[in-house]
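**Student:** Below: one structure in structure tokens.
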Amino acid sequence: MDTSQLLKGVLDLAVLAVVADGDGYGYDVLRRLRAAGLEDVGDASVYGTLRRLYQGGNLTSYVVPSDEGPHRKYYAINDAGRALLERSTKTWTSFADTMNAVLGVRGGKAA
Amino acid sequence: MTTTTLAPEATAFLDAVAAELADLPDDVLTDLLDDVEQHLAEVLAEGTLADLGSPAEYAAELRAAAGLPAREAPDESWALVRAVRGRHARLAQTRTYREVRAFLPELRPAWWVARGYLVVVALARLTHDSVREVLPIPHVSGNVLLGLVAVAAAVVASVKWGRRRRAPRGWARTGAVVVNAFAVVTALVVLGDVQDRTSPEFYYYASTPDGLQGPYGPVTDIRPYDRDGKPLHDVQLFDQNGNPLVYQVCDRFCSRLTFPLMPSLDELVPTPTPSPTPSPTTTPTPSATP
């Protein structure tokens with residue numbers, strides 16, 4: 001299974017984590033995700049996710065005017081977003097642990 | 001944000017994405033396109049658009065990630081509509097469009113005044129035939145003063161209605177739309193009327209190929225008589241070049257008639273006094289005074 005499939009389920013979490021790390025505009029968040037190792041993440045997916053999280057009230061946004069280029073829309077995390085990040089992180093960790101356990105079982109013991 | 005800084009290939013991409021997303025509401029669409037435009041600019045700054053895939057794929061991915069409803073199966077007959085909507089959404093991003101849209105509400109009071117006036121004009125047009133009685137001041141029952149009063153009252157009512165704080169809902173809103181549409185249609189119809197009626201609907205002119213003119217104006221009929229004053233019928237008249245004398249009547253199209261035009265009238269026209277010919281029986285004999 002390629003990572004893009006896995007990624008779809010957890011992109012929200014990844015994006016929240018990146019923005020929690022520091023405010024960013026769309027392309028910036030995308031770059032950071034890729035730099036962290038998530039090379040398969042689709043451009044449009046990141047933008048769409050940012051928008052959805054913003055619409056859901058988990059991110060705020062502000063515009064930074066720029067002289068040399070277009071104005072950039074920055075996203076920042078808010079309290080609701082941080083709460084969601086925490087919950088999702090717990091869910092992820094427990095899920096990963098469970099999966100690891102399941103995979104570990106396959107190695108040797110009987111069911 | 002202006003769209004002029006975007007490279008042409010990016011503009012094409014953006015337009016295609018806009019067309020794919022054209023079923024979305026305008027404000028959502030404009031937002032999304034803003035983001036896409038930024039993204040495209042950044043991607044182009046570092047490389048090419050090739051990695052983004054096709055605009056359709058991009059649009060689908062964006063739509064899914066943003067949690068927007070999937071597009072209904074694209075109906076080819078609506079392709080033009082979608083493309084137009086996409087174009088319009090892109091246009092709506094430009095500063096000029098935004099400035100114009102911000103300014104338009106300031107014109108509303110002018111519309112209220114015009115609307116009141118036009119409603120009275122419409123009523124006048126329905127009840128009066130002559131343009132003079134419709135514009136510039138609509139008459140009511142043929143009376144210009146009543147018309148002025150009606151216009152004033154209508155304008156006041158229209159402005160008061162326009163100034164209401166709460167936007168109308170339900171049937172009131174439908175009514176407002178109907179009245180506005182009616183006023184606009186009236187304006188167009190009446191302007192069309194004025195256009196028509198400044199040129200005469202029909203006109204007569206009499207002309208012959210060589211333009212016969214009598215002492216009092218153009219010759220419009222020729223009545224031939226013989227030397228005894230009896231009217232002649234079924235005559236053919238020719239000019240010096242051998243061309244028949246014709247009379248031209250124009251009523252939307254011209255027809256040519258030969259003189260005399262109305263032979264039957266000759267019976268009604270009193271025969272002119274015949275030139276005096278000496279008649280042996282009537283010459284008064286000078287009586288000799290004895």
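In the structure tokens, chains take letters A, B, ... by order of appearance, with residues numbered from 1 within each chain and ligands from 1 in the order shown.
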Do you have, as a Markdown table, the list of residues of chain A lying at most 10 Å from chain B, each with its nearest atom pair and that distance in Å to one decimal, counting only C-alpha atoms and ordered by chain then number?
**Tutor:**
| residue | atom | partner | partner_atom | distance |
| --- | --- | --- | --- | --- |
| A:Lys8 | CA | B:Ala65 | CA | 8.7 |
| A:Leu11 | CA | B:Ala65 | CA | 9.2 |
| A:Asp12 | CA | B:Ala65 | CA | 9.4 |
| A:Tyr25 | CA | B:His39 | CA | 9.6 |
| A:Gly26 | CA | B:His39 | CA | 7.2 |
| A:Tyr27 | CA | B:His39 | CA | 6.3 |
| A:Asp28 | CA | B:Glu42 | CA | 9.5 |
| A:Gly42 | CA | B:Glu61 | CA | 8.0 |
| A:Asp43 | CA | B:Leu52 | CA | 7.2 |
| A:Ala44 | CA | B:Leu62 | CA | 4.7 |
| A:Ser45 | CA | B:Ala65 | CA | 5.0 |
| A:Val46 | CA | B:Ala65 | CA | 7.4 |
| A:Tyr47 | CA | B:Leu62 | CA | 6.8 |
| A:Gly48 | CA | B:Ala66 | CA | 3.9 |
| A:Thr49 | CA | B:Ala65 | CA | 5.1 |
| A:Leu50 | CA | B:Ala66 | CA | 7.6 |
| A:Arg51 | CA | B:Ala66 | CA | 5.8 |
| A:Arg52 | CA | B:Ala66 | CA | 4.8 |
| A:Leu53 | CA | B:Ala66 | CA | 8.3 |
| A:Tyr54 | CA | B:Ala66 | CA | 9.7 |
| A:Gln55 | CA | B:Ala66 | CA | 8.9 |
| A:Gly69 | CA | B:Thr5 | CA | 8.6 |
| A:Pro70 | CA | B:Met1 | CA | 6.3 |
| A:His71 | CA | B:Met1 | CA | 7.0 |
| A:Arg72 | CA | B:Gln38 | CA | 7.6 |
| A:Lys73 | CA | B:Asp35 | CA | 8.1 |
**Student:** Need to verify the contact set: Ala89 of chain B, 8 Å, only C-alpha atoms, exclusion of same-chain residues closer than 2 positions in sequence. Can you return it as a PyMOL selection string?
**Tutor:** chain B and resi 18+26+29-30+85-87+91-93
**Student:** Just to be explicit: take each residue in the selection above, keep N, CA, C and O atoms, and write the result as an mmCIF file, in the first residue's frame.
**Tutor:**
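What ended up in out.cif:
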data_model
loop_
_atom_site.group_PDB
_atom_site.id
_atom_site.type_symbol
_atom_site.label_atom_id
_atom_site.label_comp_id
_atom_site.auth_asym_id
_atom_site.auth_seq_id
_atom_site.Cartn_x
_atom_site.Cartn_y
_atom_site.Cartn_z
ATOM 1 N N ALA B 18 -11.062 26.673 -12.283
ATOM 2 C CA ALA B 18 -12.276 27.443 -11.991
ATOM 3 C C ALA B 18 -13.493 26.827 -12.678
ATOM 4 O O ALA B 18 -14.576 26.763 -12.106
ATOM 5 N N ASP B 26 -20.492 31.328 -5.241
ATOM 6 C CA ASP B 26 -19.511 32.328 -5.664
ATOM 7 C C ASP B 26 -18.465 32.650 -4.608
ATOM 8 O O ASP B 26 -17.275 32.750 -4.909
ATOM 9 N N LEU B 29 -16.045 29.851 -4.143
ATOM 10 C CA LEU B 29 -15.228 29.727 -5.345
ATOM 11 C C LEU B 29 -14.134 30.780 -5.371
ATOM 12 O O LEU B 29 -12.968 30.485 -5.649
ATOM 13 N N THR B 30 -14.500 32.015 -5.068
ATOM 14 C CA THR B 30 -13.505 33.080 -5.100
ATOM 15 C C THR B 30 -12.393 32.815 -4.095
ATOM 16 O O THR B 30 -11.212 32.999 -4.385
ATOM 17 N N ARG B 85 -19.066 30.689 -15.749
ATOM 18 C CA ARG B 85 -19.071 30.942 -14.305
ATOM 19 C C ARG B 85 -17.653 30.972 -13.775
ATOM 20 O O ARG B 85 -17.314 31.772 -12.911
ATOM 21 N N GLY B 86 -16.821 30.037 -14.302
ATOM 22 C CA GLY B 86 -15.439 30.017 -13.855
ATOM 23 C C GLY B 86 -14.760 31.329 -14.206
ATOM 24 O O GLY B 86 -14.060 31.927 -13.382
ATOM 25 N N ARG B 87 -14.988 31.794 -15.421
ATOM 26 C CA ARG B 87 -14.391 33.052 -15.867
ATOM 27 C C ARG B 87 -14.857 34.198 -14.992
ATOM 28 O O ARG B 87 -14.079 35.065 -14.622
ATOM 29 N N LEU B 91 -12.782 36.790 -12.735
ATOM 30 C CA LEU B 91 -12.938 38.230 -12.923
ATOM 31 C C LEU B 91 -13.263 38.898 -11.603
ATOM 32 O O LEU B 91 -12.792 39.994 -11.308
ATOM 33 N N ALA B 92 -14.075 38.190 -10.799
ATOM 34 C CA ALA B 92 -14.516 38.770 -9.543
ATOM 35 C C ALA B 92 -13.361 38.985 -8.585
ATOM 36 O O ALA B 92 -13.491 39.706 -7.609
ATOM 37 N N GLN B 93 -12.245 38.336 -8.861
ATOM 38 C CA GLN B 93 -11.111 38.519 -7.963
ATOM 39 C C GLN B 93 -10.405 39.841 -8.210
ATOM 40 O O GLN B 93 -9.682 40.311 -7.362
#
**Student:** So that I can check the surroundings of Asn78 of chain A, please list as a VMD selection string every protein, DNA and RNA residue that reaches within 7 Å of it, counting only C-alpha atoms and ignoring chain neighbours fewer than 4 positions away.
**Tutor:** chain A and resid 58 to 60 82
**Student:** Would you mind listing what lies within 7 Å of segment 13-20 of chain A as a PyMOL selection string, with only C-alpha atoms counted and same-chain residues fewer than 2 positions away left out?
**Tutor:** chain A and resi 10-11+22-24+29+76-77+85+88
**Student:** Take the residues from that selection and write them out as an mmCIF file, in the first residue's frame, keeping N, CA and C atoms.
**Tutor:**
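Once everything was written out, this is result.cif:
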data_model
loop_
_atom_site.group_PDB
_atom_site.id
_atom_site.type_symbol
_atom_site.label_atom_id
_atom_site.label_comp_id
_atom_site.auth_asym_id
_atom_site.auth_seq_id
_atom_site.Cartn_x
_atom_site.Cartn_y
_atom_site.Cartn_z
ATOM 1 N N VAL A 10 -4.607 10.812 7.864
ATOM 2 C CA VAL A 10 -3.934 11.532 8.938
ATOM 3 C C VAL A 10 -3.432 12.900 8.499
ATOM 4 N N LEU A 11 -3.830 13.326 7.340
ATOM 5 C CA LEU A 11 -3.317 14.608 6.848
ATOM 6 C C LEU A 11 -3.726 15.744 7.777
ATOM 7 N N GLY A 22 4.420 26.448 13.912
ATOM 8 C CA GLY A 22 4.633 27.837 13.509
ATOM 9 C C GLY A 22 3.642 28.209 12.426
ATOM 10 N N ASP A 23 3.116 29.434 12.509
ATOM 11 C CA ASP A 23 2.168 29.902 11.485
ATOM 12 C C ASP A 23 2.772 29.744 10.100
ATOM 13 N N GLY A 24 1.934 29.479 9.137
ATOM 14 C CA GLY A 24 2.454 29.340 7.780
ATOM 15 C C GLY A 24 1.384 29.584 6.741
ATOM 16 N N VAL A 29 3.441 25.481 4.441
ATOM 17 C CA VAL A 29 3.027 24.271 5.156
ATOM 18 C C VAL A 29 3.347 23.042 4.312
ATOM 19 N N ALA A 76 -2.935 30.025 11.374
ATOM 20 C CA ALA A 76 -2.402 29.842 12.724
ATOM 21 C C ALA A 76 -3.340 28.921 13.476
ATOM 22 N N ILE A 77 -2.791 28.246 14.474
ATOM 23 C CA ILE A 77 -3.639 27.331 15.239
ATOM 24 C C ILE A 77 -4.254 28.085 16.409
ATOM 25 N N LEU A 85 -5.646 18.755 18.012
ATOM 26 C CA LEU A 85 -4.318 18.165 17.771
ATOM 27 C C LEU A 85 -3.987 17.152 18.863
ATOM 28 N N SER A 88 -6.224 14.055 18.521
ATOM 29 C CA SER A 88 -5.855 13.263 17.349
ATOM 30 C C SER A 88 -4.522 12.572 17.559
#
**Student:** Compile the contact shell of Ser141 of chain B as a PyMOL selection string: residues with an atom at most 10 Å away, counting only C-alpha atoms, same-chain residues fewer than 3 positions apart removed.
**Tutor:** chain B and resi 124+127-128+133+138+144+146-147
**Student:** Please produce a file of the residues just selected, as a tab-separated table (two decimals), in the first residue's frame, where the atoms kept are C-alpha atoms.
**Tutor:**
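Below is the file that was written, out_3.tsv:
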chain	number	residue	atom	x	y	z
B	124	ALA	CA	-49.20	56.58	-18.98
B	127	THR	CA	-53.38	54.60	-21.47
B	128	HIS	CA	-52.08	57.16	-23.92
B	133	GLU	CA	-48.24	62.36	-23.34
B	138	PRO	CA	-46.39	61.31	-18.14
B	144	VAL	CA	-50.03	67.03	-17.26
B	146	LEU	CA	-52.00	65.27	-12.53
B	147	GLY	CA	-49.06	63.50	-14.13
**Student:** Could you check how far atom CA of Ala16 of chain B sits from atom CA of Ala83 of chain B, in Å to one decimal?
**Tutor:**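 Result for atom CA of Ala16 of chain B versus atom CA of Ala83 of chain B: 8.0 Å, one decimal.
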**Student:** Quote the spacing between atom CA of Glu86 of chain A and atom CA of Val28 of chain B in Å to one decimal place.
**Tutor:**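 That distance, rounded to one decimal, is 29.3 Å.
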**Student:** Please run DSSP on the backbone and report, as a ChimeraX atom specification, all residues within segment 23-97 of chain A that come out as alpha helix (DSSP H).
**Tutor:** /A:26-35,43-55,79-97
**Student:** So how far away is atom CA of Ala183 of chain B from atom CA of Val151 of chain B, in Å?
**Tutor:** 13.3 Å
